[in-house]
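data_1.txt follows (compact mmCIF, C-alpha atoms and all ligand atoms):
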```txt
# COMPACT_ATOMS: atom_id res chain seq x y z
CA MET A 1 176.83 204.43 176.13
CA PRO A 2 175.09 207.49 177.43
CA LEU A 3 172.22 207.21 174.94
CA LEU A 4 171.32 203.67 176.09
CA LYS A 5 171.41 204.75 179.77
CA TYR A 6 169.16 207.66 178.90
CA LEU A 7 166.70 205.36 177.12
CA LEU A 8 166.72 202.91 180.06
CA PHE A 9 166.05 205.79 182.42
CA LEU A 10 163.11 206.89 180.26
CA PHE A 11 161.79 203.30 180.19
CA PHE A 12 161.67 203.08 184.00
CA LEU A 13 160.24 206.54 184.33
CA VAL A 14 157.35 205.83 181.96
CA CYS A 15 156.67 202.14 182.51
CA VAL A 16 157.35 201.30 186.13
CA PRO A 17 154.79 203.62 187.74
CA SER A 18 152.03 202.52 185.37
CA CYS A 19 152.88 198.82 185.79
CA ALA A 20 152.64 199.15 189.56
CA ASN A 21 148.91 199.81 189.26
CA VAL A 22 148.16 196.68 187.28
CA ARG A 23 146.66 194.00 189.49
CA PRO A 24 146.66 190.38 188.38
CA ASP A 25 143.23 189.03 187.44
CA TYR A 26 143.20 186.20 189.97
CA VAL A 27 142.77 188.70 192.81
CA CYS A 28 139.21 189.33 191.65
CA ILE A 29 138.09 185.73 191.10
CA LYS A 30 135.94 184.42 193.94
CA ASP A 31 136.45 180.78 194.85
CA GLN A 32 133.13 180.45 196.65
CA ASP A 33 129.60 181.35 195.69
CA THR A 34 127.29 183.14 198.08
CA VAL A 35 123.70 182.27 198.98
CA TYR A 36 122.44 185.73 198.08
CA ASP A 37 123.53 188.27 195.47
CA SER A 38 122.52 191.10 197.77
CA VAL A 39 121.08 191.76 201.21
CA ILE A 40 119.32 194.94 202.26
CA ILE A 41 118.91 195.44 206.01
CA GLU A 42 116.29 198.03 206.89
CA ILE A 43 116.90 199.25 210.44
CA GLN A 44 114.03 200.74 212.41
CA PRO A 45 115.08 202.24 215.75
CA THR A 46 112.72 203.63 218.37
CA GLU A 47 113.12 206.67 220.60
CA LYS A 48 115.24 205.00 223.28
CA CYS A 49 116.37 201.93 221.46
CA ASP A 50 118.85 201.70 218.61
CA VAL A 51 121.57 199.39 217.35
CA HIS A 52 125.23 200.34 217.45
CA SER A 53 126.95 200.66 214.06
CA ASP A 54 129.77 198.38 215.33
CA SER A 55 127.21 195.58 215.84
CA ILE A 56 126.04 196.00 212.24
CA LYS A 57 129.62 196.04 210.97
CA ALA A 58 130.38 192.81 212.85
CA LEU A 59 127.15 191.30 211.51
CA ILE A 60 128.18 192.09 207.91
CA ASP A 61 131.55 190.41 208.64
CA CYS A 62 129.66 187.27 209.71
CA LEU A 63 127.38 187.28 206.64
CA ASP A 64 130.48 187.53 204.43
CA ARG A 65 132.46 184.91 206.39
CA TYR A 66 129.68 182.31 206.12
CA SER A 67 129.19 183.02 202.38
CA ILE A 68 125.65 184.24 202.90
CA VAL A 69 126.39 187.42 200.94
CA ASP A 70 129.48 189.34 199.85
CA ARG A 71 130.16 192.25 202.23
CA ASP A 72 130.17 194.70 199.30
CA ASN A 73 126.62 193.72 198.44
CA VAL A 74 125.07 194.49 201.83
CA LYS A 75 123.13 197.72 202.00
CA ILE A 76 122.00 199.26 205.30
CA VAL A 77 118.95 201.52 205.21
CA ARG A 78 118.31 203.45 208.43
CA ARG A 79 114.85 204.76 209.21
CA THR A 80 114.09 207.72 211.48
CA ARG A 81 113.24 206.80 215.05
CA ILE A 82 109.73 205.94 216.09
CA MET A 83 108.59 207.79 219.22
CA THR A 84 106.98 205.45 221.75
CA ALA A 85 106.58 205.27 225.52
CA ARG A 86 105.40 201.64 225.48
CA ASP A 87 107.65 199.05 227.09
CA SER A 88 105.47 195.94 226.92
CA TRP A 89 104.83 194.63 223.41
CA PRO A 90 102.00 192.25 222.52
CA SER A 91 102.29 190.78 219.04
CA ASP A 92 99.46 192.88 217.54
CA LYS A 93 101.23 196.12 218.53
CA ILE A 94 104.46 194.84 216.97
CA LYS A 95 102.61 193.85 213.81
CA ASN A 96 101.10 197.36 213.55
CA LEU A 97 104.56 198.95 213.70
CA VAL A 98 106.04 196.55 211.16
CA VAL A 99 103.16 197.05 208.71
CA ARG A 100 103.35 200.82 209.07
CA HIS A 101 107.12 201.21 208.83
CA ARG A 102 108.58 198.46 206.65
CA ARG A 103 109.24 199.83 203.16
CA ILE A 104 111.45 197.25 201.43
CA PHE A 105 110.20 193.76 200.64
CA ASP A 106 111.64 190.67 198.95
CA LEU A 107 111.63 190.76 195.17
CA LYS A 108 110.12 187.92 193.15
CA ASP A 109 113.53 186.31 192.68
CA ASP A 110 115.12 184.60 195.67
CA ARG A 111 118.68 185.80 195.24
CA ASN A 112 118.16 189.09 197.00
CA LEU A 113 117.23 189.06 200.67
CA ARG A 114 115.49 191.97 202.37
CA LEU A 115 115.50 192.11 206.17
CA PHE A 116 113.64 194.46 208.50
CA MET A 117 115.01 194.91 212.03
CA LEU A 118 112.83 196.62 214.62
CA PHE A 119 114.47 197.68 217.90
CA LEU A 120 111.98 198.06 220.75
CA PRO A 121 112.31 199.27 224.34
CA GLY A 122 111.08 196.89 227.07
CA ASN A 123 109.91 193.32 226.60
CA TYR A 124 107.78 191.05 224.50
CA ASN A 125 104.36 190.53 226.05
CA SER A 126 102.96 187.21 224.95
CA VAL A 127 99.67 185.64 226.02
CA ASN A 128 99.89 182.47 223.96
CA ASP A 129 103.38 181.15 224.56
CA ASP A 130 106.33 181.33 226.93
CA ARG A 131 108.34 183.79 224.90
CA ASP A 132 108.06 186.66 227.39
CA SER A 133 111.75 186.36 228.11
CA VAL A 134 112.96 186.37 224.51
CA ALA A 135 115.71 188.78 223.49
CA ALA A 136 114.56 188.78 219.89
CA PHE A 137 112.58 186.76 217.38
CA HIS A 138 112.01 186.33 213.67
CA ARG A 139 108.31 186.89 213.00
CA GLY A 140 108.51 185.67 209.39
CA ARG A 141 109.32 187.31 206.01
CA GLY A 142 112.71 188.53 207.24
CA GLU A 143 111.11 190.64 209.99
CA ILE A 144 113.27 190.61 213.12
CA VAL A 145 112.24 192.19 216.43
CA VAL A 146 114.83 192.94 219.14
CA PHE A 147 113.96 193.93 222.75
CA ARG A 148 116.18 196.25 224.70
CA ASN A 149 115.47 194.83 228.16
CA ARG A 150 116.69 191.38 227.12
CA THR A 151 119.71 192.21 225.01
CA ALA A 152 122.52 194.73 224.85
CA LEU A 153 121.25 196.87 221.98
CA GLY A 154 121.39 194.47 219.09
CA ASN A 155 124.15 192.05 220.06
CA THR A 156 125.69 190.77 216.85
CA GLU A 157 125.21 187.14 217.94
CA VAL A 158 121.49 187.71 218.52
CA LEU A 159 121.07 189.40 215.12
CA LEU A 160 122.95 186.57 213.38
CA HIS A 161 120.81 183.96 215.22
CA GLU A 162 117.60 185.62 213.99
CA ILE A 163 118.94 185.89 210.43
CA GLY A 164 119.68 182.15 210.75
CA HIS A 165 115.96 181.64 211.42
CA ALA A 166 115.06 183.89 208.47
CA LEU A 167 117.26 181.71 206.23
CA GLY A 168 115.65 178.54 207.60
CA LEU A 169 118.79 177.09 209.17
CA VAL A 170 118.75 174.00 211.39
CA ASP A 171 117.33 171.18 209.36
CA ARG A 172 115.71 168.92 211.97
CA ASP A 173 115.89 165.82 209.80
CA HIS A 174 119.67 165.84 209.83
CA ARG A 175 120.19 166.31 213.56
CA ASP A 176 120.54 163.66 216.21
CA GLY A 177 118.17 164.37 219.08
CA SER A 178 117.00 167.66 217.58
CA PRO A 179 115.08 169.67 218.56
CA ILE A 180 116.56 170.09 222.00
CA ASN A 181 113.07 170.34 223.44
CA GLU A 182 109.63 170.57 221.89
CA LYS A 183 109.23 174.24 222.72
CA ARG A 184 112.42 175.12 220.88
CA PRO A 185 112.32 173.62 217.39
CA GLN A 186 114.63 174.98 214.67
CA HIS A 187 117.49 175.27 217.14
CA CYS A 188 120.88 173.62 217.12
CA ASN A 189 121.92 171.13 219.80
CA ASN A 190 125.43 172.53 219.97
CA LYS A 191 125.85 174.94 222.91
CA LYS A 192 128.79 176.57 221.16
CA CYS A 193 126.76 177.42 218.05
CA THR A 194 124.92 180.67 217.23
CA MET A 195 121.78 178.63 216.52
CA PHE A 196 121.60 177.16 220.04
CA TRP A 197 118.50 178.56 221.78
CA ILE A 198 120.62 180.55 224.24
CA VAL A 199 122.89 182.71 222.13
CA ASN A 200 126.36 183.75 223.21
CA THR A 201 128.55 183.35 220.14
CA THR A 202 128.82 184.35 216.48
CA GLU A 203 130.35 180.96 215.62
CA LEU A 204 128.15 178.59 213.65
CA CYS A 205 128.82 174.87 214.09
CA GLU A 206 129.79 172.57 211.22
CA LEU A 207 126.21 171.27 210.79
CA CYS A 208 124.77 174.79 210.56
CA VAL A 209 127.46 175.82 208.06
CA ARG A 210 126.43 172.74 206.06
CA ASP A 211 122.81 173.96 206.23
CA ILE A 212 123.99 177.24 204.66
CA SER A 213 125.83 175.40 201.89
CA LYS A 214 122.61 173.51 201.12
CA LEU A 215 120.91 176.84 200.42
CA ILE A 216 123.40 177.65 197.65
CA PRO A 217 122.18 175.33 194.84
CA ARG A 218 118.74 176.96 195.04
CA ASN A 219 120.36 180.22 193.95
CA SER A 220 123.13 178.99 191.68
CA ARG A 221 123.13 180.26 188.16
ZN ZN B 301 115.98 181.16 218.00
ZN ZN B 302 124.74 174.74 214.89
```
Encoded form (structure tokens):
Amino acid sequence: MPLLKYLLFLFFLVCVPSCANVRPDYVCIKDQDTVYDSVIIEIQPTEKCDVHSDSIKALIDCLDRYSIVDRDNVKIVRRTRIMTARDSWPSDKIKNLVVRHRRIFDLKDDRNLRLFMLFLPGNYNSVNDDRDSVAAFHRGRGEIVVFRNRTALGNTEVLLHEIGHALGLVDRDHRDGSPINEKRPQHCNNKKCTMFWIVNTTELCELCVRDISKLIPRNSR
């Protein structure tokens, strides 16, 4: 019957292309909650010291993989470079730069994390402790300082380690023999974990992943 064939042809012509665009609902349903609804990372480079965009991309992958935040809800804000010839950084000079240049702060709610990453040439210059050799540190309130002479410009593993500190990972009460020594509290005992005091991996150990999961109820709706 030619008419039926014609109608069938019309049916496929009209319906098949439109049906192909319909995606089943289950694709969009997330099976795991994240610690934060959003993360904003404010990046402050200096004249001769910046972070590579690949490092930031890899960092966002890690934040997504460990359910800290969904990759689509990470926003990167890049500031213009600060000009400086200094290559030895005492903490008061670092504080001055942070106070002058940080623009975005945590909101009252705790579901949205704001981080500030300052990339400095040279080294940390400390009079009060033995941190002269540090590659980076978290100075509190999500403020992370990275030194060029001690790290390849913003290694992803170093950035993730400092974010781990900002989140408050490594719960000492639940670790055997932690901290590994008195000068290095808030660090993991596992040498193959990002939160070990010497950082060479973006893999977090099972205990640190559990620390992340403990952060989730605080933010659950
Ligand atoms: Zn550390
Ligand atoms: Zn660990």
_One decimal, in Å: what's the spacing between CA of Arg150 (chain A) and CA of Leu120 (chain A)?_
10.4 Å
Residues contacting ligand ZN 302 (chain B) - anything with an atom at most 8 Å away, using only C-alpha atoms and all ligand atoms - can you give me those as an mmCIF file with C-alpha atoms, in the frame of the given file?
```cif
data_model
loop_
_atom_site.group_PDB
_atom_site.id
_atom_site.type_symbol
_atom_site.label_atom_id
_atom_site.label_comp_id
_atom_site.auth_asym_id
_atom_site.auth_seq_id
_atom_site.Cartn_x
_atom_site.Cartn_y
_atom_site.Cartn_z
ATOM 1 C CA VAL A 170 118.750 174.000 211.390
ATOM 2 C CA HIS A 187 117.490 175.270 217.140
ATOM 3 C CA CYS A 188 120.880 173.620 217.120
ATOM 4 C CA ASN A 189 121.920 171.130 219.800
ATOM 5 C CA ASN A 190 125.430 172.530 219.970
ATOM 6 C CA LYS A 192 128.790 176.570 221.160
ATOM 7 C CA CYS A 193 126.760 177.420 218.050
ATOM 8 C CA THR A 194 124.920 180.670 217.230
ATOM 9 C CA MET A 195 121.780 178.630 216.520
ATOM 10 C CA PHE A 196 121.600 177.160 220.040
ATOM 11 C CA LEU A 204 128.150 178.590 213.650
ATOM 12 C CA CYS A 205 128.820 174.870 214.090
ATOM 13 C CA GLU A 206 129.790 172.570 211.220
ATOM 14 C CA LEU A 207 126.210 171.270 210.790
ATOM 15 C CA CYS A 208 124.770 174.790 210.560
ATOM 16 C CA VAL A 209 127.460 175.820 208.060
#
```
Closest contacts (chain A/ligand ZN 301 (chain B), max 8 Å, only C-alpha atoms and all ligand atoms) as CSV:
```
residue,atom,partner,partner_atom,distance
A:Ala136,CA,B:ZN301,ZN,8.0
A:Phe137,CA,B:ZN301,ZN,6.6
A:His138,CA,B:ZN301,ZN,7.8
A:His161,CA,B:ZN301,ZN,6.2
A:Glu162,CA,B:ZN301,ZN,6.2
A:His165,CA,B:ZN301,ZN,6.6
A:Arg184,CA,B:ZN301,ZN,7.6
A:Gln186,CA,B:ZN301,ZN,7.1
A:His187,CA,B:ZN301,ZN,6.1
A:Met195,CA,B:ZN301,ZN,6.5
A:Phe196,CA,B:ZN301,ZN,7.2
A:Trp197,CA,B:ZN301,ZN,5.2
A:Ile198,CA,B:ZN301,ZN,7.8
```
*Which is closest to Asp92 (chain A) among A:Ala152, A:Val127, A:Leu63, A:Val77, if we use all atoms listed in the file?*
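That would be A:Val127, the residue with the smallest distance to Asp92 (chain A).
One distance worth recording is that between CA of Lys57 (chain A) and CA of Thr156 (chain A), which is 8.8 Å.
Nearest to Ile40 (chain A) of all the residues A:Ala135, A:Ile104, A:Cys62, A:Ala85 is A:Ile104, counting only C-alpha atoms.
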*For the atom pair CA of Asp37 (chain A) and CA of Leu118 (chain A), what is the interatomic distance in Å to one decimal place?*
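So the answer is 23.5 Å.
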